[in-house]
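See structure below.
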Amino acid sequence: MQNVLQKLLLVFFSIKITMNGKNKKMNSELQKKWFVYLSDHHEGPFNAVELSQKQKNGMVTSQSYVWSEGMADWKPLVEVNELTQDLKKIETLAHVSPAGERTGSILRPKKAVNPSPLIKIGGAVVGMFFIFILTLALLSRSSSEDLHALIRPTLNKIIDRAPILSPLFHLIPSSGELKPEARKELEEALLGSPIDNVRLAVALSQSDPNRPFFFVATNLPDHVKLDLYLVGNSETLLNRLQYHSQMSISTLRGLGKSEVLLSDDGQPLSKGEYQVWVTESQDQDDTMRDTLGKFTPNRPTGILPAPLPNSAKFVLSKTIFIGGVRDDAYLTKLKAFHEKIKQNSEKELVELKQYADTLSLQYQTLTNEFGKVLKSKKPTAAEKANWKKISEQWLQINAQLEQTIQTWSKETLQNEFYYGAAYELVKGAYDSIKNLFTIENAYLEKPSEFSAFQIQHGKAVSETHQTLEQLKGKIDAILAAPKSSNGLPKREGL
């Protein structure tokens with residue numbers, strides 16, 4: 001693309017040089033620079049046309065001595081190549097050229113004809129347009145985003161009307177943050193009318209692999225809001241099990257830029273493969289929403305994958321590798337990380353079964369013991385003592401579980417536990433049993449109105465039973481899930 005501008009300049013100047021060279025050749029035949037020796041004296045200076053006339057008159061022959069500035073000495077005319085060639089041209093033109101007027105047998109050049117005022121104006125306009133195009137081409141290579149936002153509409157119009165000129169211009173600032181192929185994709189997305197075809201393009205910055213951000217380009221109307229979703233491919237992420245983020249971008253003259261993307265803890269994104277999705281934002285003003293409704297959707301058929309809204313009309317998907325190069329060092333580290341995951345996932349599965357069995361046993365024990373108490377409606381001292389014994393056992397287990405579960409933050413479950421979703425269910429089941437125990441224990445210590453208690457207790461029992469069934473179902477799904485291509489257990493839905 002950059003060579004096109006240089007080639008145009010070379011063509012322009014080569015034409016000018018060629019025209020100047022032709023003029024110089026024509027002028028050499030008319031330059032008065034030749035002196036000729038006649039009898040006992042020399043005369044001159046003459047031009048070639050005048051010497052040709054003297055030849056016709058017999059005053060000068062091929063053996064007459066001639067001289068011009070730059071010659072060391074006088075020489076016979078026949079030995080001066082430049083002069084003899086000019087004389088031959090004049091002789092030829094005198095017989096065949098219609099471009100002059102004859103005086104005898106000598107060609108007299110026509111009087112120069114001045115071009116008309118319209119031709120002069122047309123030439124000036126063409127020259128000014130050429131300079132205008134070159135100026136825009138040079139400005140488009142600036143790294144200033146403000147400047148590009150200002151001239152981009154003009155560049156788009158020129159390219160729409162004269163696509164052959166598109167290689168001259170950079171529609172994206174020359175900041176060194178984009179690969180050539182990525183720049184081309186963005187620039188192509190800026191062209192054309194969205195009525196004919198809505199275009200979207202996204203490209204990853206190259207300036208800092210540890211602090212990446214995205215450029216988004218579109219031919220949708222100015223100031224349209226776009227949503228960018230970034231989802232990590234869990235099997236390719238290094239030292240991380242998953243990643244998901246969403247951000248909104250507003251375009252200016254068709255171009256938008258995201259914030260720098262970092263992990264939740266402010267650290268660089270894990271090296272690996274990510275899926276990028278771009279759609280129109282659901283948060284548009286009424287005017288923009290009406291405008292977008294006039295364009296033909298380009299979304300794929302069927303239900304869009306999570307987390308995209310199924311109502312999105314304009315969708316772009318692209319796979320991008322973040323964090324540098326997918327080299328051997330990365331692959332070696334990823335393999336070691338996966339081996340660690342396999343070992344940890346097996347340990348987690350054993351641990352999850354233990355949690356599920358413990359919670360189910362405690363639920364059954366508490367439910368059975370409290371059921372005996374409810375049958376009598378008025379608990380006896382023996383029944384209360386037995387309940388107290390069961391309660392103390394639960395409180396000991398509760399203390400141990402509480403201490404462990406408090407360390408399971410959302411970030412920890414996402415990135416340090418392979419089956420983090422199942423551990424979330426352990427937390428849910430534990431909270432349900434804890435709530436059920438609190439209700440039952442409070443009733444025994446200070447009985448309340450029985451019918452109201454039955455409603456509250458029945459709801460708590462149902463909720464606890466449901467959470468335990470969900471936990472059991474999740475563990476069964478983990479056991480039944482096939483292995484992935486790299487040997488890792490499947491995590492979809494887990």
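Residue numbering restarts at 1 for every chain of the structure tokens, chains are lettered A, B, ... in their displayed order, and ligands are numbered from 1 as they appear.
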Counting only C-alpha atoms, give me one row per residue of stretch 239-299 of chain A with an atom at most 12 Å from an atom of stretch 198-210 of chain A, showing the shortest contact pair and its distance in Å to one decimal, sorted by chain then residue number, as JSON lines.
{"residue": "A:Ile249", "atom": "CA", "partner": "A:Val202", "partner_atom": "CA", "distance": 11.7}
{"residue": "A:Thr251", "atom": "CA", "partner": "A:Leu200", "partner_atom": "CA", "distance": 11.6}
{"residue": "A:Gly254", "atom": "CA", "partner": "A:Leu200", "partner_atom": "CA", "distance": 9.6}
{"residue": "A:Leu255", "atom": "CA", "partner": "A:Ala201", "partner_atom": "CA", "distance": 9.7}
{"residue": "A:Gly256", "atom": "CA", "partner": "A:Val202", "partner_atom": "CA", "distance": 9.5}
{"residue": "A:Lys257", "atom": "CA", "partner": "A:Val202", "partner_atom": "CA", "distance": 9.5}
{"residue": "A:Ser258", "atom": "CA", "partner": "A:Leu204", "partner_atom": "CA", "distance": 9.9}
{"residue": "A:Glu259", "atom": "CA", "partner": "A:Ser205", "partner_atom": "CA", "distance": 11.1}
{"residue": "A:Val260", "atom": "CA", "partner": "A:Asn210", "partner_atom": "CA", "distance": 9.4}
{"residue": "A:Leu261", "atom": "CA", "partner": "A:Asn210", "partner_atom": "CA", "distance": 8.9}
{"residue": "A:Leu262", "atom": "CA", "partner": "A:Asn210", "partner_atom": "CA", "distance": 8.3}
{"residue": "A:Ser263", "atom": "CA", "partner": "A:Asn210", "partner_atom": "CA", "distance": 10.7}
{"residue": "A:Gly266", "atom": "CA", "partner": "A:Asn210", "partner_atom": "CA", "distance": 11.1}
{"residue": "A:Gln267", "atom": "CA", "partner": "A:Asn210", "partner_atom": "CA", "distance": 8.6}
{"residue": "A:Pro268", "atom": "CA", "partner": "A:Asn210", "partner_atom": "CA", "distance": 5.2}
{"residue": "A:Leu269", "atom": "CA", "partner": "A:Asn210", "partner_atom": "CA", "distance": 6.8}
{"residue": "A:Ser270", "atom": "CA", "partner": "A:Asn210", "partner_atom": "CA", "distance": 8.8}
{"residue": "A:Lys271", "atom": "CA", "partner": "A:Asn210", "partner_atom": "CA", "distance": 8.8}
{"residue": "A:Gly272", "atom": "CA", "partner": "A:Pro209", "partner_atom": "CA", "distance": 11.3}
{"residue": "A:Tyr274", "atom": "CA", "partner": "A:Leu204", "partner_atom": "CA", "distance": 11.1}
{"residue": "A:Gln275", "atom": "CA", "partner": "A:Val202", "partner_atom": "CA", "distance": 11.4}
{"residue": "A:Val276", "atom": "CA", "partner": "A:Val202", "partner_atom": "CA", "distance": 8.3}
{"residue": "A:Trp277", "atom": "CA", "partner": "A:Val202", "partner_atom": "CA", "distance": 8.9}
{"residue": "A:Val278", "atom": "CA", "partner": "A:Val202", "partner_atom": "CA", "distance": 7.9}
{"residue": "A:Thr279", "atom": "CA", "partner": "A:Leu200", "partner_atom": "CA", "distance": 8.7}
{"residue": "A:Glu280", "atom": "CA", "partner": "A:Leu200", "partner_atom": "CA", "distance": 10.0}
{"residue": "A:Leu292", "atom": "CA", "partner": "A:Val198", "partner_atom": "CA", "distance": 9.9}
{"residue": "A:Gly293", "atom": "CA", "partner": "A:Val198", "partner_atom": "CA", "distance": 11.8}
{"residue": "A:Lys294", "atom": "CA", "partner": "A:Val198", "partner_atom": "CA", "distance": 10.9}
{"residue": "A:Phe295", "atom": "CA", "partner": "A:Val198", "partner_atom": "CA", "distance": 7.3}
{"residue": "A:Thr296", "atom": "CA", "partner": "A:Val198", "partner_atom": "CA", "distance": 7.4}
{"residue": "A:Pro297", "atom": "CA", "partner": "A:Val198", "partner_atom": "CA", "distance": 7.6}
{"residue": "A:Asn298", "atom": "CA", "partner": "A:Val198", "partner_atom": "CA", "distance": 7.1}
{"residue": "A:Arg299", "atom": "CA", "partner": "A:Val198", "partner_atom": "CA", "distance": 10.3}
Report task. Within 12 Å of stretch 408-416 of chain A, counting only C-alpha atoms, which residues show up once you throw out same-chain ones fewer than 3 positions away? Write them as a ChimeraX atom specification, please. Result -> /A:234,237-244,263-265,270,337,340-341,344-345,348,401-405,419-427,491,494
Selected residues, N, CA, C and O atoms, written as a short mmCIF file (atom, residue, chain, number, x, y, z; two decimals), in the first residue's frame, please.
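part.cif was written with the following content:
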data_model
loop_
_atom_site.label_atom_id
_atom_site.label_comp_id
_atom_site.auth_asym_id
_atom_site.auth_seq_id
_atom_site.Cartn_x
_atom_site.Cartn_y
_atom_site.Cartn_z
N SER A 234 -10.93 -22.74 27.73
CA SER A 234 -10.36 -23.26 28.98
C SER A 234 -9.24 -24.27 28.74
O SER A 234 -8.32 -24.39 29.55
N LEU A 237 -5.90 -22.05 28.10
CA LEU A 237 -5.44 -21.02 29.03
C LEU A 237 -4.34 -21.57 29.92
O LEU A 237 -4.42 -22.68 30.43
N LEU A 238 -3.32 -20.74 30.11
CA LEU A 238 -2.19 -21.14 30.93
C LEU A 238 -2.39 -20.67 32.36
O LEU A 238 -2.57 -19.47 32.61
N ASN A 239 -2.39 -21.62 33.30
CA ASN A 239 -2.52 -21.34 34.73
C ASN A 239 -3.86 -20.69 35.09
O ASN A 239 -3.96 -19.95 36.07
N ARG A 240 -4.85 -20.95 34.28
CA ARG A 240 -6.20 -20.45 34.58
C ARG A 240 -7.21 -21.39 33.95
O ARG A 240 -6.98 -21.91 32.85
N LEU A 241 -8.34 -21.56 34.62
CA LEU A 241 -9.32 -22.53 34.14
C LEU A 241 -10.39 -21.90 33.26
O LEU A 241 -10.98 -22.58 32.43
N GLN A 242 -10.65 -20.61 33.44
CA GLN A 242 -11.66 -19.98 32.61
C GLN A 242 -11.51 -18.46 32.68
O GLN A 242 -10.87 -17.93 33.59
N TYR A 243 -12.09 -17.80 31.68
CA TYR A 243 -12.11 -16.33 31.68
C TYR A 243 -13.30 -15.86 30.87
O TYR A 243 -13.64 -16.43 29.82
N HIS A 244 -13.95 -14.82 31.39
CA HIS A 244 -15.08 -14.21 30.67
C HIS A 244 -15.18 -12.75 31.06
O HIS A 244 -15.08 -12.41 32.25
N SER A 263 -7.14 -9.46 34.24
CA SER A 263 -7.89 -10.40 35.05
C SER A 263 -8.61 -9.66 36.18
O SER A 263 -8.35 -8.48 36.42
N ASP A 264 -9.46 -10.38 36.91
CA ASP A 264 -10.22 -9.76 38.00
C ASP A 264 -9.31 -9.19 39.08
O ASP A 264 -9.65 -8.21 39.74
N ASP A 265 -8.14 -9.81 39.24
CA ASP A 265 -7.21 -9.34 40.27
C ASP A 265 -6.22 -8.30 39.74
O ASP A 265 -5.26 -7.95 40.42
N SER A 270 -4.34 -14.54 31.12
CA SER A 270 -3.59 -15.77 30.91
C SER A 270 -3.31 -15.95 29.41
O SER A 270 -4.15 -15.65 28.56
N PHE A 337 0.68 -27.79 33.10
CA PHE A 337 -0.50 -27.29 33.81
C PHE A 337 -1.65 -28.28 33.71
O PHE A 337 -2.37 -28.53 34.69
N LYS A 340 -1.20 -31.19 36.01
CA LYS A 340 -1.56 -30.79 37.37
C LYS A 340 -3.07 -30.78 37.54
O LYS A 340 -3.60 -31.21 38.58
N ILE A 341 -3.78 -30.31 36.52
CA ILE A 341 -5.25 -30.27 36.58
C ILE A 341 -5.82 -31.68 36.70
O ILE A 341 -6.74 -31.93 37.47
N ASN A 344 -5.37 -32.85 40.22
CA ASN A 344 -6.24 -32.12 41.13
C ASN A 344 -7.71 -32.48 40.93
O ASN A 344 -8.48 -32.55 41.90
N SER A 345 -8.11 -32.69 39.67
CA SER A 345 -9.52 -33.01 39.40
C SER A 345 -9.90 -34.34 40.02
O SER A 345 -11.03 -34.52 40.50
N GLU A 348 -10.32 -33.69 43.66
CA GLU A 348 -11.56 -32.93 43.88
C GLU A 348 -12.77 -33.84 43.83
O GLU A 348 -13.72 -33.69 44.63
N LEU A 401 -16.83 -27.44 58.51
CA LEU A 401 -17.26 -27.05 57.16
C LEU A 401 -17.21 -25.53 56.98
O LEU A 401 -16.78 -25.04 55.94
N GLU A 402 -17.65 -24.81 57.98
CA GLU A 402 -17.67 -23.34 57.90
C GLU A 402 -16.28 -22.78 57.66
O GLU A 402 -16.07 -21.89 56.83
N GLN A 403 -15.30 -23.32 58.38
CA GLN A 403 -13.93 -22.84 58.25
C GLN A 403 -13.39 -23.08 56.85
O GLN A 403 -12.68 -22.24 56.27
N THR A 404 -13.72 -24.23 56.28
CA THR A 404 -13.23 -24.55 54.93
C THR A 404 -13.97 -23.76 53.86
O THR A 404 -13.36 -23.19 52.95
N ILE A 405 -15.30 -23.71 53.97
CA ILE A 405 -16.11 -23.07 52.92
C ILE A 405 -15.85 -21.58 52.83
O ILE A 405 -15.95 -20.99 51.74
N TYR A 419 -13.58 -28.33 39.35
CA TYR A 419 -15.02 -28.52 39.44
C TYR A 419 -15.63 -27.47 40.36
O TYR A 419 -16.39 -27.78 41.30
N GLY A 420 -15.28 -26.22 40.11
CA GLY A 420 -15.75 -25.12 40.96
C GLY A 420 -17.26 -25.03 41.05
O GLY A 420 -17.81 -24.72 42.12
N ALA A 421 -17.97 -25.34 39.95
CA ALA A 421 -19.43 -25.27 39.96
C ALA A 421 -20.02 -26.29 40.94
O ALA A 421 -21.03 -26.02 41.61
N ALA A 422 -19.39 -27.46 41.05
CA ALA A 422 -19.87 -28.47 42.00
C ALA A 422 -19.62 -28.03 43.44
O ALA A 422 -20.44 -28.28 44.33
N TYR A 423 -18.49 -27.37 43.65
CA TYR A 423 -18.21 -26.86 44.99
C TYR A 423 -19.20 -25.77 45.38
O TYR A 423 -19.52 -25.59 46.56
N GLU A 424 -19.67 -25.01 44.40
CA GLU A 424 -20.72 -24.02 44.68
C GLU A 424 -21.98 -24.72 45.21
O GLU A 424 -22.66 -24.21 46.11
N LEU A 425 -22.28 -25.89 44.66
CA LEU A 425 -23.45 -26.64 45.13
C LEU A 425 -23.23 -27.19 46.54
O LEU A 425 -24.19 -27.32 47.32
N VAL A 426 -21.98 -27.52 46.85
CA VAL A 426 -21.68 -27.94 48.23
C VAL A 426 -22.00 -26.80 49.19
O VAL A 426 -22.61 -27.01 50.26
N LYS A 427 -21.60 -25.59 48.82
CA LYS A 427 -21.90 -24.42 49.65
C LYS A 427 -23.41 -24.24 49.81
O LYS A 427 -23.91 -23.96 50.90
N ARG A 491 -15.74 -30.01 31.17
CA ARG A 491 -16.25 -29.11 32.19
C ARG A 491 -17.55 -28.45 31.77
O ARG A 491 -18.13 -27.70 32.54
N LEU A 494 -20.46 -28.12 34.08
CA LEU A 494 -20.04 -28.61 35.38
C LEU A 494 -19.52 -27.49 36.25
O LEU A 494 -19.09 -27.73 37.36
#
Requested in this report: Measuring atom to atom with only C-alpha atoms, identify which of A:Ser281, A:Leu190, A:Leu366, A:Ile475 is nearest to A:Thr438.
Outcome: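 For A:Thr438, the nearest of the given residues is A:Leu366.
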Query - Polymer residues at most 12 Å from A:Thr358, only C-alpha atoms, same-chain spacing of 3 or more positions, as JSON, numbers by chain - result: {"A": [351, 352, 353, 354, 355, 361, 362, 363, 364, 365, 394, 397, 398, 400, 401, 426, 429, 430, 433, 468, 472]}
Residue selection dump (N, CA, C and O atoms) as a short mmCIF file (atom, residue, chain, number, x, y, z; two decimals), in the first residue's frame:
data_model
loop_
_atom_site.label_atom_id
_atom_site.label_comp_id
_atom_site.auth_asym_id
_atom_site.auth_seq_id
_atom_site.Cartn_x
_atom_site.Cartn_y
_atom_site.Cartn_z
N GLU A 351 -13.10 -35.65 46.98
CA GLU A 351 -13.52 -34.72 48.03
C GLU A 351 -14.99 -34.36 47.90
O GLU A 351 -15.71 -34.28 48.92
N LEU A 352 -15.45 -34.16 46.69
CA LEU A 352 -16.86 -33.81 46.47
C LEU A 352 -17.78 -34.93 46.94
O LEU A 352 -18.85 -34.67 47.53
N LYS A 353 -17.40 -36.16 46.67
CA LYS A 353 -18.21 -37.29 47.14
C LYS A 353 -18.29 -37.30 48.66
O LYS A 353 -19.36 -37.57 49.24
N GLN A 354 -17.16 -37.01 49.31
CA GLN A 354 -17.14 -36.98 50.77
C GLN A 354 -18.05 -35.90 51.31
O GLN A 354 -18.82 -36.12 52.26
N TYR A 355 -17.98 -34.72 50.71
CA TYR A 355 -18.87 -33.62 51.14
C TYR A 355 -20.33 -34.00 50.94
O TYR A 355 -21.18 -33.76 51.82
N LEU A 361 -25.87 -37.38 55.09
CA LEU A 361 -26.01 -38.08 56.35
C LEU A 361 -26.52 -37.15 57.45
O LEU A 361 -27.42 -37.51 58.23
N GLN A 362 -25.97 -35.94 57.50
CA GLN A 362 -26.40 -34.99 58.52
C GLN A 362 -27.85 -34.57 58.30
O GLN A 362 -28.62 -34.42 59.26
N TYR A 363 -28.22 -34.42 57.05
CA TYR A 363 -29.61 -34.06 56.74
C TYR A 363 -30.56 -35.17 57.20
O TYR A 363 -31.59 -34.89 57.85
N GLN A 364 -30.21 -36.41 56.89
CA GLN A 364 -31.07 -37.53 57.29
C GLN A 364 -31.14 -37.66 58.81
O GLN A 364 -32.22 -37.88 59.39
N THR A 365 -30.00 -37.49 59.49
CA THR A 365 -29.97 -37.62 60.94
C THR A 365 -30.82 -36.54 61.61
O THR A 365 -31.64 -36.84 62.50
N TRP A 394 -23.70 -32.06 65.07
CA TRP A 394 -23.84 -31.21 63.88
C TRP A 394 -23.01 -29.94 63.99
O TRP A 394 -22.35 -29.52 63.04
N ILE A 397 -19.38 -30.61 63.19
CA ILE A 397 -19.21 -30.74 61.73
C ILE A 397 -19.38 -29.39 61.05
O ILE A 397 -18.65 -29.02 60.14
N ASN A 398 -20.37 -28.64 61.54
CA ASN A 398 -20.65 -27.31 60.98
C ASN A 398 -19.43 -26.40 61.10
O ASN A 398 -19.09 -25.66 60.17
N GLN A 400 -16.27 -27.21 61.27
CA GLN A 400 -15.22 -27.63 60.33
C GLN A 400 -15.57 -27.20 58.90
O GLN A 400 -14.73 -26.69 58.16
N LEU A 401 -16.83 -27.44 58.51
CA LEU A 401 -17.26 -27.05 57.16
C LEU A 401 -17.21 -25.53 56.98
O LEU A 401 -16.78 -25.04 55.94
N VAL A 426 -21.98 -27.52 46.85
CA VAL A 426 -21.68 -27.94 48.23
C VAL A 426 -22.00 -26.80 49.19
O VAL A 426 -22.61 -27.01 50.26
N ALA A 429 -25.81 -26.52 49.53
CA ALA A 429 -26.39 -27.58 50.36
C ALA A 429 -26.07 -27.36 51.83
O ALA A 429 -26.93 -27.55 52.72
N TYR A 430 -24.85 -26.94 52.12
CA TYR A 430 -24.45 -26.65 53.50
C TYR A 430 -25.31 -25.53 54.09
O TYR A 430 -25.82 -25.63 55.22
N ILE A 433 -28.86 -26.84 54.93
CA ILE A 433 -28.91 -27.66 56.15
C ILE A 433 -28.74 -26.78 57.38
O ILE A 433 -29.42 -26.97 58.41
N LEU A 468 -29.41 -30.93 47.83
CA LEU A 468 -28.65 -32.18 47.91
C LEU A 468 -28.81 -33.01 46.65
O LEU A 468 -27.85 -33.66 46.19
N LYS A 472 -25.82 -34.20 44.10
CA LYS A 472 -25.66 -35.59 43.67
C LYS A 472 -25.70 -35.70 42.14
O LYS A 472 -24.91 -36.43 41.53
#
Query raised in the report: With distances taken over only C-alpha atoms, which of A:Leu150, A:Leu226, A:Val350, A:Val36 is nearest to A:Ile478?
Result: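 Answer, going by the shortest atom-to-atom distance: A:Val350.
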**Report entry** Among listed residues A:Ala480, A:Glu346, A:Ala442, A:Leu83, nearest A:Trp387 (using only C-alpha atoms)
**Finding:**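 Using only C-alpha atoms, A:Trp387 sits closest to A:Ala442.
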**Report entry** Which of stretch 220-448 of chain A DSSP labels strand (DSSP E or B), written as a ChimeraX atom specification
**Finding:** /A:225-232,244-250,252,255-257,272-280,315-322
Report task. Quick one: everything within 12 Å of A:Gln55, counting only C-alpha atoms, minus sequence neighbours fewer than 5 positions away in the same chain. Send it as a list in words. Result ->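 With the cut-off at 12 Å, the set is Val36, Ala48, Val49, Glu50, Val60, Thr61, Ser62, Gln63, Ser64, Leu77, Thr84, Leu87, Lys88, Ile90, Glu91, Ser105 and Ile106 of chain A.
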Write out, as a PDB file, in the first residue's frame, the residues just selected, with N, CA and C atoms.
ATOM      1  N   VAL A  36      30.906  28.566 -38.439  1.00  0.00           N
ATOM      2  CA  VAL A  36      31.383  27.890 -39.635  1.00  0.00           C
ATOM      3  C   VAL A  36      32.464  28.750 -40.309  1.00  0.00           C
ATOM      4  N   ALA A  48      21.070  24.816 -36.354  1.00  0.00           N
ATOM      5  CA  ALA A  48      21.135  23.753 -37.350  1.00  0.00           C
ATOM      6  C   ALA A  48      20.254  24.042 -38.542  1.00  0.00           C
ATOM      7  N   VAL A  49      19.112  24.700 -38.300  1.00  0.00           N
ATOM      8  CA  VAL A  49      18.202  25.023 -39.405  1.00  0.00           C
ATOM      9  C   VAL A  49      18.865  25.983 -40.384  1.00  0.00           C
ATOM     10  N   GLU A  50      19.565  26.978 -39.805  1.00  0.00           N
ATOM     11  CA  GLU A  50      20.245  27.969 -40.669  1.00  0.00           C
ATOM     12  C   GLU A  50      21.382  27.333 -41.441  1.00  0.00           C
ATOM     13  N   VAL A  60      27.809  26.011 -47.574  1.00  0.00           N
ATOM     14  CA  VAL A  60      28.412  25.106 -46.598  1.00  0.00           C
ATOM     15  C   VAL A  60      28.353  23.687 -47.165  1.00  0.00           C
ATOM     16  N   THR A  61      29.461  22.949 -46.996  1.00  0.00           N
ATOM     17  CA  THR A  61      29.515  21.552 -47.436  1.00  0.00           C
ATOM     18  C   THR A  61      29.854  20.666 -46.244  1.00  0.00           C
ATOM     19  N   SER A  62      29.878  19.366 -46.484  1.00  0.00           N
ATOM     20  CA  SER A  62      30.203  18.421 -45.414  1.00  0.00           C
ATOM     21  C   SER A  62      31.639  18.562 -44.946  1.00  0.00           C
ATOM     22  N   GLN A  63      32.532  19.239 -45.792  1.00  0.00           N
ATOM     23  CA  GLN A  63      33.931  19.410 -45.416  1.00  0.00           C
ATOM     24  C   GLN A  63      34.210  20.770 -44.812  1.00  0.00           C
ATOM     25  N   SER A  64      33.161  21.603 -44.689  1.00  0.00           N
ATOM     26  CA  SER A  64      33.358  22.920 -44.068  1.00  0.00           C
ATOM     27  C   SER A  64      33.663  22.723 -42.589  1.00  0.00           C
ATOM     28  N   LEU A  77      32.497  19.379 -40.780  1.00  0.00           N
ATOM     29  CA  LEU A  77      31.105  19.177 -40.374  1.00  0.00           C
ATOM     30  C   LEU A  77      30.757  17.697 -40.331  1.00  0.00           C
ATOM     31  N   THR A  84      25.558  16.698 -37.561  1.00  0.00           N
ATOM     32  CA  THR A  84      25.116  15.922 -38.737  1.00  0.00           C
ATOM     33  C   THR A  84      23.760  15.261 -38.462  1.00  0.00           C
ATOM     34  N   LEU A  87      21.043  17.898 -38.749  1.00  0.00           N
ATOM     35  CA  LEU A  87      20.816  18.253 -40.168  1.00  0.00           C
ATOM     36  C   LEU A  87      19.999  17.175 -40.876  1.00  0.00           C
ATOM     37  N   LYS A  88      20.246  15.887 -40.531  1.00  0.00           N
ATOM     38  CA  LYS A  88      19.487  14.806 -41.152  1.00  0.00           C
ATOM     39  C   LYS A  88      18.017  14.870 -40.734  1.00  0.00           C
ATOM     40  N   ILE A  90      16.385  17.534 -39.852  1.00  0.00           N
ATOM     41  CA  ILE A  90      15.753  18.681 -40.527  1.00  0.00           C
ATOM     42  C   ILE A  90      15.430  18.338 -41.963  1.00  0.00           C
ATOM     43  N   GLU A  91      16.320  17.622 -42.619  1.00  0.00           N
ATOM     44  CA  GLU A  91      16.091  17.227 -44.013  1.00  0.00           C
ATOM     45  C   GLU A  91      14.888  16.299 -44.116  1.00  0.00           C
ATOM     46  N   SER A 105      12.853  24.718 -49.558  1.00  0.00           N
ATOM     47  CA  SER A 105      12.938  23.342 -49.086  1.00  0.00           C
ATOM     48  C   SER A 105      13.292  23.274 -47.614  1.00  0.00           C
ATOM     49  N   ILE A 106      13.269  24.417 -46.918  1.00  0.00           N
ATOM     50  CA  ILE A 106      13.647  24.453 -45.513  1.00  0.00           C
ATOM     51  C   ILE A 106      12.389  24.521 -44.652  1.00  0.00           C
TER      52      ILE A 106
END
Query - Separation of atom CA of A:Gln31 from atom CA of A:Phe46, in Å and rounded to one decimal - result: 7.6 Å
